[in-house]
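S.K.: Below: one structure in structure tokens.
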Amino acid sequence: MSKVALITGITGQDGAYLAEYLIKKGYIVHGIKRRSSMFNTDRIDHLYQDPHVENRNLILHYGDLTDSLNLTRIIGETQPDEIYNLAAMSHVKVSFDTPEYTANADGLGVLRILEAVRLLNLIPKTRIYQASTSELYGLVQEVPQKETTPFYPRSPYAVAKLYGYWITVNYREAYKMHASNGILFNHESPLRGETFVTRKVTRAVSRIALGMQEKVYMGNLSSKRDWGHAKDYVRAMYAILQQDEPSDYVIATGITTTIRDFLKMAFAEIGVEIVFKGESVKEVAILNYIDENVFIKRVGEAYLDAFRKRIGEEVVGVDPQYFRPTEVDLLIGDATKARTRLGWEPKYDLNALIEDMMLNDIKLMKKESYLRKGGYEILNYFE
Ligand code: NAP
Ligand code: GDD
């Protein structure tokens with residue numbers, strides 16, 4: 001008999017990698033997807049199976065973390081062995097604009113799932129993974145951060161996730177549920193949402209190299225993040241639910257990097273050196289040098305002449321609209337517990353992550369630019 005997993009947030013970055021990972025392990029995966037006016041399944045289209053196929057291993061259900069009845073029905077119908085609660089309004093800056101909705105989905109949503117499992121008498125059967133976050137550490141009280149570090153959330157997102165964290169611990173202690181928190185530090189990939197900083201950078205650097213964009217405007221360049229690859233982090237989620245005893249785990253690489261250095265590394269990936277000048281909102285990065293062999297290999301000879309002409313020009317600026325009312329300046333995790341108890345080790349370092357993201361975005365942006373040119377040709381044809 002195949003094990004059954006239910007993933008909320010299956011259309012997101014982590015949901016997509018986790019679904020693929022569990023299907024490879026022989027699971028039947030149910031996923032909860034929100035209704036939207038367009039298809040929103042790009043990240044899992046390669047896994048999708050037509051409802052008429054027999055013995056499907058991926059089944060999608062419409063649902064929402066703000067809808068208790070719907071969550072209870074889906075959990076009752078699917079009788080999962082494992083629930084991975086990954087759904088969330090996951091953008092920290094946006095949570096300042098939508099604080100009530102964020103509290104509802106990211107905080108109360110967790111309670112709805114735990115309570116559904118309890119009311120359906122599924123406690124002996126169903127194990128629950130809650131997607132907790134390093135944002136809980138916020139204004140950090142200890143460096144590096146580990147499971148025992150006190151929390152100090154700094155955004156409506158982090159405060160909502162704090163509720164999610166503690167209600168998971170409470171249900172574990174009160175009802176002996178196998179419910180665990182993964183306190184995951186930032187993890188990225190080619191599937192990362194386009195408005196998170198790493199993907200914003202890898203897309204922009206690709207577009208600048210291809211002549212599709214002149215400059216990228218950023219927020220706080222000095223904050224530091226502990227970035228890993230999402231593929232490594234979904235392995236940890238799975239491992240947490242395979243333990244005999246539920247518990248909470250920090251998942252991190254232990255290395256922290258500024259946004260400024262991430263930008264330098266992304267440009268370096270295509271053989272380009274940038275130099276930062278100025279301070280605060282006047283800070284800019286200038287295109288300083290091109291290693292033409294690397295540029296040709298990574299981007300293509302056709303783009304070199306136009307790009308060479310841009311030496312000395314600004315390619316990065318700062319726009320205060322991307323600043324947050326309260327910032328998390330430094331995150332760096334200590335994943336000793338995960339390493340020793342789960343045997344978890346990340347396979348990707350930051351260079352390998354950036355290479356993966358840049359290769360993907362250069363390819364994607366070339367396609368976009370080609371389609372755009374094709375689009376114009378078709379328009380001209382009809383004129
Ligand atoms: P993501 O790409 O933003 O995906 C979020 C998923 O949640 C999407 O499938 C989204 O659906 C869904 N969703 C949002 N609101 C929902 C609602 N009300 N009801 C049902 N589904 C809803 O996020 P991610 O990077 O994969 O992260 C997965 C989880 O880990 C999130 O809970 C996030 O807060 C947490 N986390 C992430 C990181 C990280 O660095 N990536 C680190 C720590 C914790 P749509 O596709 O329809 O928008
Ligand atoms: N998004 C964004 N856009 N961030 C920028 C920008 C910009 O233009 N410029 C600078 N930053 C800074 C932010 O101020 C923040 O300090 C850092 O880059 C990282 O921002 P994000 O990539 O948006 O991620 P996050 O750290 O706020 O949140 C992510 O990681 C959390 C785990 O620590 C999200 O995935 C959360 O859902 C997750 O919990």
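Ligands are numbered from 1 in the order shown, residues from 1 within each chain, and chains are lettered A, B, ... in the order they appear in the structure tokens.
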So that I can check the surroundings of A:Gly317, please list as a ChimeraX atom specification every protein, DNA and RNA residue that reaches within 10 Å of it, counting only C-alpha atoms and ignoring chain neighbours fewer than 6 positions away.

M.R.: /A:215-219,221,276,281-286

S.K.: Please return as an MDAnalysis selection string: the residues of stretch 231-268 of chain A that backbone DSSP assigns to strand (DSSP E).

M.R.: chainID A and resid 249:251 257:258

S.K.: Pick out the residues sitting within 8 Å of A:Phe196, and hand them over as a PyMOL selection string; count only C-alpha atoms, and ignore anything fewer than 4 positions along from it in its own chain.

M.R.: chain A and resi 91+192+200

S.K.: Given a cut-off of 9 Å, what residues near ligand 2 show up using only C-alpha atoms and all ligand atoms, put as a ChimeraX atom specification?

M.R.: /A:88-93,131-138,157-158,161,183-188,192-201,216-227,258-260,318-319,321-324,327-331

S.K.: Can you pull out the residues contacting stretch 353-367 of chain A? Cut-off 9 Å, using only C-alpha atoms, and skip same-chain residues under 3 positions away; I want them as a ChimeraX atom specification.

M.R.: /A:188-192,198-199,202-207,209-210,212,227-229,262,265-266,269-270,298-299,348-350,370-372

S.K.: Restricted to N, CA, C and O atoms, what would the selected residues look like written as a short mmCIF file (atom, residue, chain, number, x, y, z; two decimals), in the first residue's frame?

M.R.:
```cif
data_model
loop_
_atom_site.label_atom_id
_atom_site.label_comp_id
_atom_site.auth_asym_id
_atom_site.auth_seq_id
_atom_site.Cartn_x
_atom_site.Cartn_y
_atom_site.Cartn_z
N GLU A 188 15.95 28.79 -1.75
CA GLU A 188 15.70 29.40 -3.05
C GLU A 188 15.88 28.34 -4.13
O GLU A 188 16.33 27.23 -3.85
N SER A 189 15.59 28.70 -5.37
CA SER A 189 15.73 27.74 -6.46
C SER A 189 15.26 28.43 -7.75
O SER A 189 14.71 29.53 -7.69
N PRO A 190 15.40 27.75 -8.87
CA PRO A 190 14.82 28.31 -10.10
C PRO A 190 13.30 28.47 -10.00
O PRO A 190 12.72 29.24 -10.77
N LEU A 191 12.66 27.77 -9.06
CA LEU A 191 11.20 27.89 -8.93
C LEU A 191 10.80 28.99 -7.93
O LEU A 191 9.61 29.18 -7.66
N ARG A 192 11.74 29.71 -7.38
CA ARG A 192 11.45 30.73 -6.38
C ARG A 192 10.55 31.82 -7.00
O ARG A 192 10.74 32.20 -8.16
N THR A 198 16.41 36.84 -4.13
CA THR A 198 17.36 36.09 -4.97
C THR A 198 16.86 35.96 -6.40
O THR A 198 17.60 36.17 -7.36
N ARG A 199 15.59 35.64 -6.54
CA ARG A 199 15.04 35.45 -7.89
C ARG A 199 14.94 36.78 -8.61
O ARG A 199 15.15 36.87 -9.82
N THR A 202 18.48 37.24 -9.89
CA THR A 202 18.93 36.37 -11.00
C THR A 202 18.15 36.68 -12.29
O THR A 202 18.71 36.62 -13.38
N ARG A 203 16.89 37.04 -12.15
CA ARG A 203 16.12 37.46 -13.34
C ARG A 203 16.66 38.77 -13.90
O ARG A 203 16.87 38.91 -15.11
N ALA A 204 16.90 39.73 -13.00
CA ALA A 204 17.35 41.05 -13.47
C ALA A 204 18.74 40.96 -14.11
O ALA A 204 18.97 41.56 -15.17
N VAL A 205 19.65 40.21 -13.50
CA VAL A 205 21.00 40.10 -14.06
C VAL A 205 20.91 39.45 -15.45
O VAL A 205 21.57 39.89 -16.40
N SER A 206 20.07 38.45 -15.60
CA SER A 206 19.90 37.81 -16.91
C SER A 206 19.36 38.81 -17.93
O SER A 206 19.84 38.89 -19.06
N ARG A 207 18.37 39.57 -17.52
CA ARG A 207 17.75 40.54 -18.44
C ARG A 207 18.72 41.67 -18.80
O ARG A 207 18.77 42.12 -19.95
N ALA A 209 21.99 41.38 -18.92
CA ALA A 209 22.97 40.79 -19.83
C ALA A 209 22.42 40.65 -21.25
O ALA A 209 23.14 40.82 -22.23
N LEU A 210 21.13 40.38 -21.36
CA LEU A 210 20.51 40.16 -22.67
C LEU A 210 20.01 41.47 -23.30
O LEU A 210 19.40 41.45 -24.37
N MET A 212 17.65 43.40 -22.10
CA MET A 212 16.19 43.56 -21.95
C MET A 212 15.85 44.56 -20.85
O MET A 212 14.69 44.92 -20.68
N TRP A 227 21.20 31.36 2.93
CA TRP A 227 20.45 30.82 1.80
C TRP A 227 20.85 29.39 1.46
O TRP A 227 22.04 29.11 1.23
N GLY A 228 19.85 28.50 1.33
CA GLY A 228 20.10 27.16 0.84
C GLY A 228 19.24 26.88 -0.38
O GLY A 228 18.50 27.76 -0.84
N HIS A 229 19.33 25.64 -0.89
CA HIS A 229 18.55 25.25 -2.07
C HIS A 229 17.28 24.52 -1.62
O HIS A 229 17.36 23.60 -0.79
N PHE A 262 25.33 38.93 -2.72
CA PHE A 262 24.57 38.05 -3.62
C PHE A 262 24.53 38.65 -5.02
O PHE A 262 24.69 37.95 -6.03
N MET A 265 27.81 38.12 -6.70
CA MET A 265 27.99 36.72 -7.12
C MET A 265 27.16 36.37 -8.34
O MET A 265 27.57 35.61 -9.20
N ALA A 266 25.96 36.95 -8.42
CA ALA A 266 25.10 36.65 -9.59
C ALA A 266 25.71 37.25 -10.86
O ALA A 266 25.74 36.60 -11.91
N GLU A 269 28.71 35.23 -12.00
CA GLU A 269 28.31 33.98 -12.67
C GLU A 269 28.33 34.13 -14.19
O GLU A 269 28.56 33.17 -14.92
N ILE A 270 28.14 35.37 -14.68
CA ILE A 270 28.21 35.59 -16.14
C ILE A 270 29.49 36.35 -16.51
O ILE A 270 29.57 36.98 -17.57
N ARG A 298 28.35 31.76 -20.86
CA ARG A 298 27.11 31.77 -20.08
C ARG A 298 25.94 32.44 -20.80
O ARG A 298 24.80 31.99 -20.69
N VAL A 299 26.25 33.54 -21.52
CA VAL A 299 25.14 34.33 -22.10
C VAL A 299 25.08 34.15 -23.62
O VAL A 299 24.01 33.97 -24.19
N TYR A 348 23.82 21.54 -1.88
CA TYR A 348 24.16 22.76 -2.64
C TYR A 348 24.80 23.79 -1.72
O TYR A 348 24.27 24.05 -0.63
N ASP A 349 25.90 24.44 -2.18
CA ASP A 349 26.35 25.65 -1.49
C ASP A 349 25.81 26.85 -2.28
O ASP A 349 25.13 26.69 -3.29
N LEU A 350 26.14 28.07 -1.81
CA LEU A 350 25.53 29.26 -2.43
C LEU A 350 25.95 29.41 -3.89
O LEU A 350 25.14 29.78 -4.75
N TYR A 370 12.70 36.25 -27.19
CA TYR A 370 12.43 35.69 -28.51
C TYR A 370 10.93 35.76 -28.81
O TYR A 370 10.51 36.20 -29.88
N LEU A 371 10.12 35.35 -27.81
CA LEU A 371 8.66 35.37 -28.01
C LEU A 371 8.17 36.80 -28.24
O LEU A 371 7.29 37.05 -29.05
N ARG A 372 8.81 37.73 -27.49
CA ARG A 372 8.38 39.12 -27.61
C ARG A 372 8.67 39.62 -29.03
O ARG A 372 7.84 40.24 -29.66
#
```

S.K.: Tell me, which residues of stretch 134-197 of chain A carry DSSP alpha helix (DSSP H), written as a list in words?

M.R.: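 Output for stretch 134-197 of chain A, alpha helix (DSSP H) only: Pro156, Tyr157, Ala158, Val159, Ala160, Lys161, Leu162, Tyr163, Gly164, Tyr165, Trp166, Ile167, Thr168, Val169, Asn170, Tyr171, Arg172, Glu173, Ala174, Tyr175 and Val197 of chain A.
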
S.K.: From the set A:Asp67, A:Leu162, A:Tyr17, A:Ile28, which residue has the shortest atom-to-atom contact distance to A:His46, counting only C-alpha atoms?

M.R.: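 Nearest candidate to A:His46 out of A:Asp67, A:Leu162, A:Tyr17, A:Ile28: A:Tyr17.
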
S.K.: Here is a test: counting only C-alpha atoms and all ligand atoms, which residue of A:Arg308, A:His30, A:Arg35, A:Lys25 is nearest to ligand 1?

M.R.: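 Answer, going by the shortest atom-to-atom distance: A:Arg35.
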
S.K.: Counting only C-alpha atoms and all ligand atoms, which of A:Val315, A:Ala160, A:Val117, A:Ala105 gets nearest to ligand 1?

M.R.: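 Closest to ligand 1, using only C-alpha atoms and all ligand atoms: A:Ala105.
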
S.K.: In Å, with one decimal, what is the gap from atom CA of A:Glu20 to atom CA of A:Tyr238?

M.R.: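 For atom CA of A:Glu20 relative to atom CA of A:Tyr238, the distance reads 12.0 Å.
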
S.K.: What gap, in Å, lies between atom CA of A:Met177 and atom CA of A:Ile32?

M.R.: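 Between these atoms lies a distance of 21.9 Å.
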
S.K.: Between A:Lys24, A:Arg118, A:Lys297, A:Arg34, single out the one closest to ligand 1, counting only C-alpha atoms and all ligand atoms.

M.R.: A:Arg34
